[in-house]
file model-v9.cif (mmCIF, C-alpha atoms)
data_data
#
loop_
_atom_site.label_atom_id
_atom_site.label_comp_id
_atom_site.auth_asym_id
_atom_site.auth_seq_id
_atom_site.Cartn_x
_atom_site.Cartn_y
_atom_site.Cartn_z
CA MET A 100 -34.86 -76.05 -71.21
CA ARG A 101 -31.92 -74.19 -72.75
CA HIS A 102 -30.56 -71.40 -70.60
CA THR A 103 -29.86 -68.17 -72.50
CA PRO A 104 -27.23 -65.98 -70.89
CA PRO A 105 -28.23 -62.37 -70.41
CA ARG A 106 -26.94 -59.99 -73.02
CA ALA A 107 -24.04 -57.86 -71.93
CA LYS A 108 -24.88 -54.24 -71.64
CA PRO A 109 -22.89 -51.92 -73.89
CA VAL A 110 -20.02 -50.32 -72.05
CA THR A 111 -20.30 -46.58 -71.96
CA GLU A 112 -17.28 -44.24 -71.77
CA GLY A 113 -18.00 -43.60 -68.11
CA ALA A 114 -18.35 -47.29 -67.27
CA ARG A 115 -15.19 -48.41 -69.12
CA SER A 116 -13.32 -51.10 -67.22
CA ALA A 117 -10.52 -49.84 -65.05
CA SER A 118 -8.25 -52.49 -66.55
CA ALA A 119 -8.71 -51.13 -70.09
CA PRO A 120 -6.50 -48.24 -71.17
CA ALA A 121 -8.41 -44.98 -71.30
CA ASP A 122 -6.92 -44.01 -74.68
CA ARG A 123 -7.59 -47.31 -76.50
CA GLY A 124 -8.27 -46.64 -80.14
CA ARG A 125 -6.73 -43.20 -80.04
CA PRO A 126 -3.54 -42.50 -81.97
CA SER A 127 -0.48 -42.56 -79.73
CA PRO A 128 1.51 -39.35 -79.52
CA ARG A 129 4.19 -39.07 -82.19
CA ARG A 130 7.71 -39.74 -81.09
CA SER A 131 10.51 -37.48 -82.19
CA PRO A 132 12.36 -39.05 -85.12
CA ALA A 133 15.66 -40.63 -84.28
CA PRO A 134 18.65 -38.51 -85.26
CA ALA A 135 20.02 -39.32 -88.70
CA ARG A 136 23.04 -41.60 -88.77
CA SER A 137 25.81 -42.17 -91.26
CA LYS A 138 25.68 -45.48 -93.13
CA LEU A 139 29.47 -45.68 -92.84
CA THR A 140 31.52 -46.64 -89.82
CA ARG A 141 33.86 -44.17 -88.14
CA ALA A 142 36.87 -46.03 -89.47
CA THR A 143 35.45 -45.94 -93.01
CA ILE A 144 34.71 -42.21 -92.74
CA ARG A 145 38.30 -41.52 -91.69
CA THR A 146 39.61 -43.58 -94.59
CA LEU A 147 37.28 -41.71 -96.96
CA PHE A 148 38.66 -38.32 -95.96
CA GLU A 149 42.24 -39.57 -95.93
CA ARG A 150 41.84 -40.53 -99.58
CA LEU A 151 40.10 -37.31 -100.58
CA ALA A 152 42.85 -35.36 -98.83
CA ALA A 153 45.55 -37.32 -100.63
CA ASP A 154 43.78 -36.63 -103.93
CA ARG A 155 43.64 -32.87 -103.26
CA PRO A 156 46.17 -31.94 -100.55
CA GLU A 157 45.39 -28.21 -100.58
CA PRO A 158 41.69 -27.77 -101.34
CA ARG A 159 40.20 -24.31 -101.64
CA THR A 160 37.39 -22.50 -103.39
CA GLU A 161 37.62 -22.05 -107.14
CA LEU A 162 36.15 -18.56 -106.88
CA HIS A 163 38.74 -15.81 -107.42
CA TYR A 164 39.12 -13.30 -104.59
CA THR A 165 41.78 -11.17 -102.92
CA ASN A 166 40.29 -10.37 -99.50
CA PRO A 167 37.23 -11.25 -97.36
CA PHE A 168 35.15 -8.57 -99.08
CA THR A 169 35.81 -9.81 -102.61
CA LEU A 170 35.20 -13.37 -101.35
CA ILE A 171 31.78 -12.60 -99.91
CA VAL A 172 30.81 -10.71 -103.08
CA ALA A 173 31.96 -13.62 -105.27
CA VAL A 174 30.01 -16.14 -103.18
CA LEU A 175 26.92 -13.91 -103.26
CA LEU A 176 27.17 -13.72 -107.06
CA SER A 177 27.64 -17.48 -107.40
CA ALA A 178 24.02 -18.33 -106.61
CA GLN A 179 22.56 -20.09 -109.68
CA ALA A 180 25.78 -19.43 -111.59
CA THR A 181 28.98 -21.35 -112.30
CA ASP A 182 32.29 -20.45 -110.69
CA VAL A 183 33.79 -19.95 -114.16
CA GLY A 184 31.07 -17.46 -115.08
CA VAL A 185 31.38 -15.63 -111.75
CA ASN A 186 35.16 -15.36 -112.12
CA LYS A 187 34.77 -13.74 -115.54
CA ALA A 188 32.34 -11.19 -114.11
CA THR A 189 34.34 -10.44 -110.96
CA SER A 190 37.55 -9.94 -112.92
CA ARG A 191 35.84 -6.86 -114.39
CA LEU A 192 34.12 -5.83 -111.18
CA PHE A 193 37.07 -6.16 -108.79
CA ALA A 194 39.31 -4.22 -111.17
CA LEU A 195 36.96 -1.28 -110.49
CA ALA A 196 36.23 -1.88 -106.79
CA ASP A 197 37.69 -4.37 -104.33
CA ASN A 198 36.52 -2.84 -101.03
CA PRO A 199 33.16 -1.63 -99.64
CA GLU A 200 33.91 2.08 -100.01
CA ALA A 201 34.94 1.77 -103.66
CA MET A 202 32.00 -0.52 -104.41
CA LEU A 203 29.50 1.91 -102.91
CA ALA A 204 31.05 4.75 -104.90
CA LEU A 205 30.84 2.65 -108.07
CA GLY A 206 27.05 2.55 -107.84
CA GLU A 207 24.43 -0.01 -108.71
CA ALA A 208 24.26 0.76 -112.45
CA ARG A 209 27.98 0.19 -112.98
CA VAL A 210 27.94 -2.98 -110.88
CA GLN A 211 25.10 -4.26 -113.07
CA GLU A 212 27.12 -3.52 -116.18
CA ALA A 213 30.15 -5.42 -114.84
CA ILE A 214 28.19 -8.55 -113.85
CA ARG A 215 25.45 -8.61 -116.49
CA THR A 216 26.78 -11.91 -117.93
CA ILE A 217 25.59 -13.88 -114.88
CA GLY A 218 22.04 -14.78 -113.90
CA LEU A 219 19.90 -12.48 -111.75
CA TYR A 220 22.49 -9.75 -112.18
CA ARG A 221 20.10 -6.86 -111.41
CA ASN A 222 19.07 -8.17 -108.01
CA LYS A 223 22.62 -9.26 -107.26
CA ALA A 224 23.96 -5.81 -108.06
CA LYS A 225 21.44 -4.31 -105.66
CA ASN A 226 22.56 -6.72 -102.92
CA VAL A 227 26.25 -5.98 -103.54
CA ILE A 228 25.69 -2.24 -103.10
CA GLU A 229 23.56 -2.75 -99.98
CA LEU A 230 26.19 -5.18 -98.64
CA ALA A 231 28.91 -2.57 -99.08
CA ARG A 232 26.79 0.10 -97.39
CA LEU A 233 26.00 -2.04 -94.35
CA LEU A 234 29.60 -3.20 -93.96
CA LEU A 235 30.65 0.46 -93.78
CA GLU A 236 27.83 1.45 -91.44
CA ARG A 237 27.90 -1.53 -89.06
CA HIS A 238 31.37 -3.04 -89.27
CA GLY A 239 33.77 -0.27 -90.23
CA GLY A 240 34.16 -1.66 -93.74
CA GLU A 241 35.32 -5.09 -92.50
CA VAL A 242 33.64 -8.43 -93.16
CA PRO A 243 32.57 -9.86 -89.77
CA ALA A 244 33.79 -13.28 -88.69
CA GLU A 245 30.57 -14.15 -86.83
CA ARG A 246 27.73 -16.14 -88.39
CA GLU A 247 24.90 -14.02 -86.98
CA ALA A 248 26.43 -10.81 -88.30
CA LEU A 249 27.09 -12.35 -91.70
CA GLU A 250 23.56 -13.71 -92.09
CA ALA A 251 22.15 -10.25 -91.29
CA LEU A 252 23.74 -8.92 -94.50
CA PRO A 253 21.70 -8.77 -97.75
CA GLY A 254 21.96 -11.83 -99.96
CA VAL A 255 23.90 -13.79 -97.33
CA GLY A 256 22.30 -17.01 -96.15
CA ARG A 257 23.70 -19.88 -94.13
CA LYS A 258 25.55 -21.44 -97.07
CA THR A 259 27.29 -18.18 -98.02
CA ALA A 260 28.15 -17.51 -94.38
CA ASN A 261 29.64 -20.99 -94.05
CA VAL A 262 31.84 -20.50 -97.12
CA VAL A 263 33.14 -17.14 -95.86
CA LEU A 264 33.76 -18.43 -92.33
CA ASN A 265 35.64 -21.43 -93.70
CA GLU A 266 37.64 -19.82 -96.50
CA ALA A 267 38.35 -16.37 -95.11
CA PHE A 268 38.55 -17.10 -91.38
CA GLY A 269 39.59 -20.75 -91.21
CA GLN A 270 36.57 -21.96 -89.28
CA PRO A 271 35.59 -25.65 -89.69
CA THR A 272 32.20 -24.98 -91.27
CA ILE A 273 30.60 -27.04 -94.05
CA ALA A 274 28.45 -25.26 -96.64
CA VAL A 275 26.08 -27.81 -98.16
CA ASP A 276 25.46 -27.01 -101.81
CA THR A 277 24.00 -29.35 -104.47
CA HIS A 278 27.33 -31.16 -104.92
CA ILE A 279 27.87 -31.87 -101.23
CA PHE A 280 24.21 -32.83 -100.77
CA ARG A 281 24.55 -35.37 -103.58
CA VAL A 282 27.87 -36.84 -102.41
CA ALA A 283 26.75 -37.08 -98.78
CA ASN A 284 23.60 -38.99 -99.74
CA ARG A 285 25.08 -41.19 -102.47
CA THR A 286 28.03 -42.37 -100.43
CA GLY A 287 26.00 -42.86 -97.26
CA LEU A 288 28.35 -40.50 -95.45
CA ALA A 289 25.59 -38.16 -94.27
CA PRO A 290 22.15 -39.03 -95.64
CA GLY A 291 19.50 -36.38 -95.20
CA ARG A 292 16.38 -34.98 -96.80
CA THR A 293 17.45 -31.35 -96.60
CA PRO A 294 20.76 -29.43 -96.70
CA ALA A 295 20.27 -28.59 -93.02
CA GLU A 296 19.98 -32.29 -92.09
CA VAL A 297 23.06 -33.16 -94.14
CA GLU A 298 25.05 -30.30 -92.60
CA ALA A 299 24.10 -31.31 -89.06
CA LEU A 300 25.13 -34.93 -89.66
CA LEU A 301 28.40 -33.94 -91.34
CA GLU A 302 29.21 -31.80 -88.32
CA ARG A 303 28.82 -34.93 -86.17
CA VAL A 304 30.63 -37.53 -88.27
CA VAL A 305 33.52 -35.74 -89.98
CA PRO A 306 36.71 -36.29 -87.95
CA ALA A 307 37.91 -33.10 -86.26
CA ASP A 308 41.22 -33.02 -88.13
CA PHE A 309 39.41 -33.10 -91.48
CA LYS A 310 36.65 -30.56 -90.79
CA ARG A 311 38.61 -27.56 -92.06
CA GLY A 312 38.91 -29.03 -95.54
CA ALA A 313 35.80 -31.24 -95.66
CA HIS A 314 33.71 -28.62 -97.45
CA HIS A 315 36.19 -28.30 -100.31
CA TRP A 316 36.98 -32.01 -100.63
CA LEU A 317 33.31 -32.92 -100.90
CA ILE A 318 32.32 -30.13 -103.27
CA LEU A 319 35.24 -30.75 -105.63
CA HIS A 320 34.62 -34.49 -105.56
CA GLY A 321 30.99 -33.87 -106.49
CA ARG A 322 31.87 -31.38 -109.20
CA TYR A 323 34.51 -33.45 -110.99
CA VAL A 324 33.99 -37.13 -110.08
CA CYS A 325 30.64 -37.86 -108.42
CA LYS A 326 28.73 -35.95 -111.09
CA ALA A 327 24.97 -35.56 -111.01
CA ARG A 328 23.94 -37.41 -114.15
CA LYS A 329 26.70 -40.02 -114.38
CA PRO A 330 29.16 -40.46 -111.53
CA GLU A 331 32.60 -41.52 -112.75
CA CYS A 332 32.93 -44.43 -110.33
CA TRP A 333 35.74 -46.08 -112.31
CA ARG A 334 38.16 -43.31 -111.31
CA CYS A 335 36.77 -42.53 -107.86
CA ALA A 336 39.22 -42.73 -104.95
CA ILE A 337 36.47 -43.82 -102.55
CA ALA A 338 34.42 -46.11 -104.81
CA ASP A 339 34.95 -49.17 -102.61
CA LEU A 340 33.74 -47.23 -99.53
CA CYS A 341 30.70 -45.68 -101.21
CA ARG A 342 27.20 -47.17 -100.82
CA PHE A 343 26.06 -46.05 -104.30
CA ARG A 344 24.87 -48.90 -106.55
CA PRO A 345 25.25 -49.84 -109.31
CA LYS A 346 28.72 -48.43 -109.94
CA THR A 347 29.20 -46.71 -113.28
CA PRO A 348 31.63 -48.81 -115.38
CA ALA A 349 34.55 -47.29 -117.25
CA PRO A 350 33.79 -46.20 -120.83
CA SER A 351 35.89 -49.03 -122.27
CA GLU A 352 33.95 -51.60 -120.21
CA ARG A 353 30.65 -50.20 -121.47
CA VAL A 354 31.84 -50.51 -125.08
CA GLU A 355 32.97 -54.12 -124.50
CA ALA A 356 29.62 -55.00 -122.92
CA THR A 357 27.79 -53.56 -125.94
CA ASP A 358 30.00 -55.50 -128.36
CA ASP A 359 29.34 -58.73 -126.47
CA ALA A 360 25.60 -58.13 -126.66
CA VAL A 361 25.81 -57.69 -130.43
#

call {"tool": "encode", "arguments": {"input": "model-v9.cif", "output": "structure tokens"}}
result
Amino acid sequence: MRHTPPRAKPVTEGARSASAPADRGRPSPRRSPAPARSKLTRATIRTLFERLAADRPEPRTELHYTNPFTLIVAVLLSAQATDVGVNKATSRLFALADNPEAMLALGEARVQEAIRTIGLYRNKAKNVIELARLLLERHGGEVPAEREALEALPGVGRKTANVVLNEAFGQPTIAVDTHIFRVANRTGLAPGRTPAEVEALLERVVPADFKRGAHHWLILHGRYVCKARKPECWRCAIADLCRFRPKTPAPSERVEATDDAV
């Protein structure tokens, strides 16, 4: 006679074996993501900045300004506008007012008239007047050299504050705009999903002796060489260090390739 083993009773939650983990089947708690890392070695990063520095020994903003106040106004106006367009507008504006007191006296309507050739000029004119008023009320008409105070001003975000701190006060800040975001990700220097991530990684990996000029080297490289639609890899000083693939061939090489295909 065949012996049939007794059926095992279903294990209830309260009778779960002590050897089994209590949270079996439950999702494990999420771990914090590992900090982003550069895809380039420290030695490669130093070489990269050495070459960019040799290419542009004295980098600086292409916005025209004469003092910290005209700089912060120019940077504020540059949002969604080209530096060339901003310089045309500020040449008219700064001829009328180049300090907070004169700007406030000029009034919003006349500021609008001076800068009407750039985008969002109405809202920007409002911010310029409010900026001048608050500088007079809170800072004695001087542009503060502290990030918190700068970011409390109308129209001034982290990027604008970084530009002013770097250009006007010589602080080693890096303002991540679209050009720097693109170059940092394409090259592998500082990959990140957001400008904040890229900025944080650049702060970690850029050698200390290059931090003062890093902002300008990267933005100018992105503006004139590592362009958005078609990077000009054939004349790039750091092409052999960059992780971007495939490299854009020189125009003559593209023509020869086409001829061969025909």

call {"tool": "atom_distance", "arguments": {"input": "model-v9.cif", "atom1": "CA of Glu331 (chain A)", "atom2": "CA of Arg285 (chain A)"}}
result
12.7 Å

call {"tool": "resolve_selection", "arguments": {"input": "model-v9.cif", "expression": "the PyMOL selection byres ((chain A and resi 209-218) around 7)", "output": "ChimeraX atom specification"}}
result
/A:179-180,184-185,188,191-192,205-208,219-221,224

call {"tool": "atom_distance", "arguments": {"input": "model-v9.cif", "atom1": "CA of Arg257 (chain A)", "atom2": "CA of Val275 (chain A)"}}
result
9.2 Å

call {"tool": "residues_around", "arguments": {"input": "model-v9.cif", "residues": "region 133-150 of chain A", "least_positions_apart": "5", "cutoff": "7 Å", "atoms": "only C-alpha atoms", "output": "PyMOL selection string"}}
result
chain A and resi 287-290+300+306+309+336-337+340

call {"tool": "atom_distance", "arguments": {"input": "model-v9.cif", "atom1": "CA of Pro271 (chain A)", "atom2": "CA of Gly312 (chain A)"}}
result
7.5 Å

call {"tool": "closest_residue", "arguments": {"input": "model-v9.cif", "among": "A:Glu229, A:Glu241, A:Glu266, A:Glu247", "to": "Arg311 (chain A)", "atoms": "only C-alpha atoms"}}
result
A:Glu266

call {"tool": "resolve_selection", "arguments": {"input": "model-v9.cif", "expression": "the PyMOL selection byres ((chain A and resi 226) around 10)", "output": "ChimeraX atom specification"}}
result
/A:172,175-176,207,220-225,227-232,252-255

call {"tool": "residues_around", "arguments": {"input": "model-v9.cif", "residues": "region 280-282 of chain A", "least_positions_apart": "2", "cutoff": "12 Å", "atoms": "all atoms listed in the file", "output": "count of residues only"}}
result
48

call {"tool": "resolve_selection", "arguments": {"input": "model-v9.cif", "expression": "the PyMOL selection byres ((chain A and resi 171) around 12)", "output": "JSON, numbers by chain"}}
result
{"A": [160, 162, 163, 164, 165, 166, 167, 168, 169, 170, 172, 173, 174, 175, 176, 177, 178, 189, 197, 198, 199, 226, 227, 230, 231, 234, 241, 242, 243, 244, 249, 250, 252, 253, 254, 255, 256, 258, 259, 260, 261, 262, 263, 264, 265, 266, 267, 268]}

call {"tool": "closest_residue", "arguments": {"input": "model-v9.cif", "among": "A:Glu245, A:Arg237, A:Lys310, A:Asn186", "to": "Thr272 (chain A)", "atoms": "all atoms listed in the file"}}
result
A:Lys310
